[in-house]
Amino acid sequence: MADSKQLYQEVILDHNRKPRNWGSLADATHRAEGLNPLCGDHIHLTVKVTDDTVDAVNFEGESCAICKASASMMTTAVKGKTRDAAEVLVQEFRDMAVGKLDPGRPHHLGRLTVFAGVRNLPTRVKCAILPWHTLHAALNSIETTSTEAEADPMHAPIGGA
Ligand code: ZN
């Protein structure tokens with residue numbers, strides 16, 4: 001447990017010092033804004049999708065360290081993936097963060113599993129999920145999303161009022 005905690009802290013620090021894919025894409029095909037009022041996280045994602053493949057994702061905004069590290073890792077994790085594969089990752093990350101990932105089933109999270117510990121930190125779960133939630137919104141052309149919009153926003157029907 002000590003090792004995974006140390007790795008988690010190193011990853012968070014590294015991505016906060018050097019966030020990957022920071023900024024916004026001039027040629028974005030999709031974009032979304034994500035809000036987590038509980039913490040004050042507020043991020044903007046720009047996504048470029050070509051032929052159903054996520055070519056690039058950039059992010060910028062104000063957020064806590066967990067949200068920033070999660071966003072930074074998300075941008076690198078989904079780059080080059082198909083939209084469907086990116087959505088699978090969104091779901092898997094969310095399941096992991098809320099402690100519902102089935103340990104017996106293969107997943108595609110790789111290094112993202114450093115965030116598995118947030119399931120024990122209820123106030124930080126939304127910080128870690130926000131970038132993924134926002135990616136899902138961007139890919140589905142929902143321009144603004146909030147972790148407080150629905151009781152369970154990731155499972156809410158798409159395109160509702
Ligand atoms: Zn936060």
# chains A, B, ... in the order shown; residues from 1 in each chain; ligands from 1
>>> closest_atom_pairs(of="stretch 12-89 of chain A", to="stretch 117-138 of chain A", cutoff="12 Å", atoms="only C-alpha atoms", output="JSON lines")
{"residue": "A:Ile12", "atom": "CA", "partner": "A:Ala128", "partner_atom": "CA", "distance": 10.8}
{"residue": "A:Ala28", "atom": "CA", "partner": "A:Ala138", "partner_atom": "CA", "distance": 10.4}
{"residue": "A:Thr29", "atom": "CA", "partner": "A:Ala138", "partner_atom": "CA", "distance": 9.1}
{"residue": "A:His30", "atom": "CA", "partner": "A:Ala138", "partner_atom": "CA", "distance": 5.4}
{"residue": "A:Arg31", "atom": "CA", "partner": "A:Ala138", "partner_atom": "CA", "distance": 4.9}
{"residue": "A:Ala32", "atom": "CA", "partner": "A:Ala138", "partner_atom": "CA", "distance": 4.7}
{"residue": "A:Glu33", "atom": "CA", "partner": "A:Thr134", "partner_atom": "CA", "distance": 6.5}
{"residue": "A:Gly34", "atom": "CA", "partner": "A:Thr134", "partner_atom": "CA", "distance": 5.2}
{"residue": "A:Leu35", "atom": "CA", "partner": "A:Leu130", "partner_atom": "CA", "distance": 7.3}
{"residue": "A:Asn36", "atom": "CA", "partner": "A:Leu130", "partner_atom": "CA", "distance": 6.9}
{"residue": "A:Pro37", "atom": "CA", "partner": "A:Lys126", "partner_atom": "CA", "distance": 9.7}
{"residue": "A:Leu38", "atom": "CA", "partner": "A:Thr123", "partner_atom": "CA", "distance": 8.0}
{"residue": "A:Cys39", "atom": "CA", "partner": "A:Cys127", "partner_atom": "CA", "distance": 7.2}
{"residue": "A:Gly40", "atom": "CA", "partner": "A:Cys127", "partner_atom": "CA", "distance": 9.1}
{"residue": "A:Asp41", "atom": "CA", "partner": "A:Cys127", "partner_atom": "CA", "distance": 7.0}
{"residue": "A:His42", "atom": "CA", "partner": "A:Leu130", "partner_atom": "CA", "distance": 8.9}
{"residue": "A:Ile43", "atom": "CA", "partner": "A:Pro131", "partner_atom": "CA", "distance": 7.5}
{"residue": "A:His44", "atom": "CA", "partner": "A:Thr134", "partner_atom": "CA", "distance": 8.2}
{"residue": "A:Leu45", "atom": "CA", "partner": "A:Leu135", "partner_atom": "CA", "distance": 7.1}
{"residue": "A:Thr46", "atom": "CA", "partner": "A:Ala138", "partner_atom": "CA", "distance": 7.7}
{"residue": "A:Val47", "atom": "CA", "partner": "A:Ala138", "partner_atom": "CA", "distance": 7.3}
{"residue": "A:Lys48", "atom": "CA", "partner": "A:Ala138", "partner_atom": "CA", "distance": 10.1}
{"residue": "A:Val49", "atom": "CA", "partner": "A:Ala138", "partner_atom": "CA", "distance": 10.5}
{"residue": "A:Val54", "atom": "CA", "partner": "A:Leu135", "partner_atom": "CA", "distance": 10.7}
{"residue": "A:Ala56", "atom": "CA", "partner": "A:Leu135", "partner_atom": "CA", "distance": 11.5}
{"residue": "A:Val57", "atom": "CA", "partner": "A:Leu135", "partner_atom": "CA", "distance": 8.6}
{"residue": "A:Asn58", "atom": "CA", "partner": "A:Leu135", "partner_atom": "CA", "distance": 10.2}
{"residue": "A:Phe59", "atom": "CA", "partner": "A:Pro131", "partner_atom": "CA", "distance": 8.6}
{"residue": "A:Glu60", "atom": "CA", "partner": "A:Pro131", "partner_atom": "CA", "distance": 10.5}
{"residue": "A:Gly61", "atom": "CA", "partner": "A:Pro131", "partner_atom": "CA", "distance": 11.0}
{"residue": "A:Glu62", "atom": "CA", "partner": "A:Cys127", "partner_atom": "CA", "distance": 11.6}
{"residue": "A:Ser63", "atom": "CA", "partner": "A:Cys127", "partner_atom": "CA", "distance": 8.2}
{"residue": "A:Cys64", "atom": "CA", "partner": "A:Cys127", "partner_atom": "CA", "distance": 7.5}
{"residue": "A:Ala65", "atom": "CA", "partner": "A:Cys127", "partner_atom": "CA", "distance": 8.7}
{"residue": "A:Ile66", "atom": "CA", "partner": "A:Ala128", "partner_atom": "CA", "distance": 5.8}
{"residue": "A:Cys67", "atom": "CA", "partner": "A:Cys127", "partner_atom": "CA", "distance": 4.7}
{"residue": "A:Lys68", "atom": "CA", "partner": "A:Pro131", "partner_atom": "CA", "distance": 8.2}
{"residue": "A:Ala69", "atom": "CA", "partner": "A:Ala128", "partner_atom": "CA", "distance": 8.1}
{"residue": "A:Ser70", "atom": "CA", "partner": "A:Ala128", "partner_atom": "CA", "distance": 5.6}
{"residue": "A:Ala71", "atom": "CA", "partner": "A:Pro131", "partner_atom": "CA", "distance": 5.0}
{"residue": "A:Ser72", "atom": "CA", "partner": "A:Pro131", "partner_atom": "CA", "distance": 8.7}
{"residue": "A:Met73", "atom": "CA", "partner": "A:Pro131", "partner_atom": "CA", "distance": 9.5}
{"residue": "A:Met74", "atom": "CA", "partner": "A:Trp132", "partner_atom": "CA", "distance": 7.0}
{"residue": "A:Thr75", "atom": "CA", "partner": "A:Pro131", "partner_atom": "CA", "distance": 9.0}
{"residue": "A:Ala77", "atom": "CA", "partner": "A:Trp132", "partner_atom": "CA", "distance": 10.8}
{"residue": "A:Val78", "atom": "CA", "partner": "A:Leu135", "partner_atom": "CA", "distance": 9.6}
{"residue": "A:Lys79", "atom": "CA", "partner": "A:Leu135", "partner_atom": "CA", "distance": 11.7}
{"residue": "A:Arg83", "atom": "CA", "partner": "A:His136", "partner_atom": "CA", "distance": 9.5}
{"residue": "A:Asp84", "atom": "CA", "partner": "A:His136", "partner_atom": "CA", "distance": 10.5}
{"residue": "A:Ala85", "atom": "CA", "partner": "A:His136", "partner_atom": "CA", "distance": 11.6}
{"residue": "A:Ala86", "atom": "CA", "partner": "A:His136", "partner_atom": "CA", "distance": 8.5}
{"residue": "A:Glu87", "atom": "CA", "partner": "A:His136", "partner_atom": "CA", "distance": 6.7}
{"residue": "A:Val88", "atom": "CA", "partner": "A:His136", "partner_atom": "CA", "distance": 10.1}
{"residue": "A:Leu89", "atom": "CA", "partner": "A:Trp132", "partner_atom": "CA", "distance": 8.5}
>>> atom_distance(atom1="atom CA of A:Leu139", atom2="atom CA of A:Arg20")
19.7 Å
>>> select_by_dssp(residues="chain A", states="strand (DSSP E or B)", output="PyMOL selection string")
chain A and resi 22+30-36+41-50+53-62+82+144-146
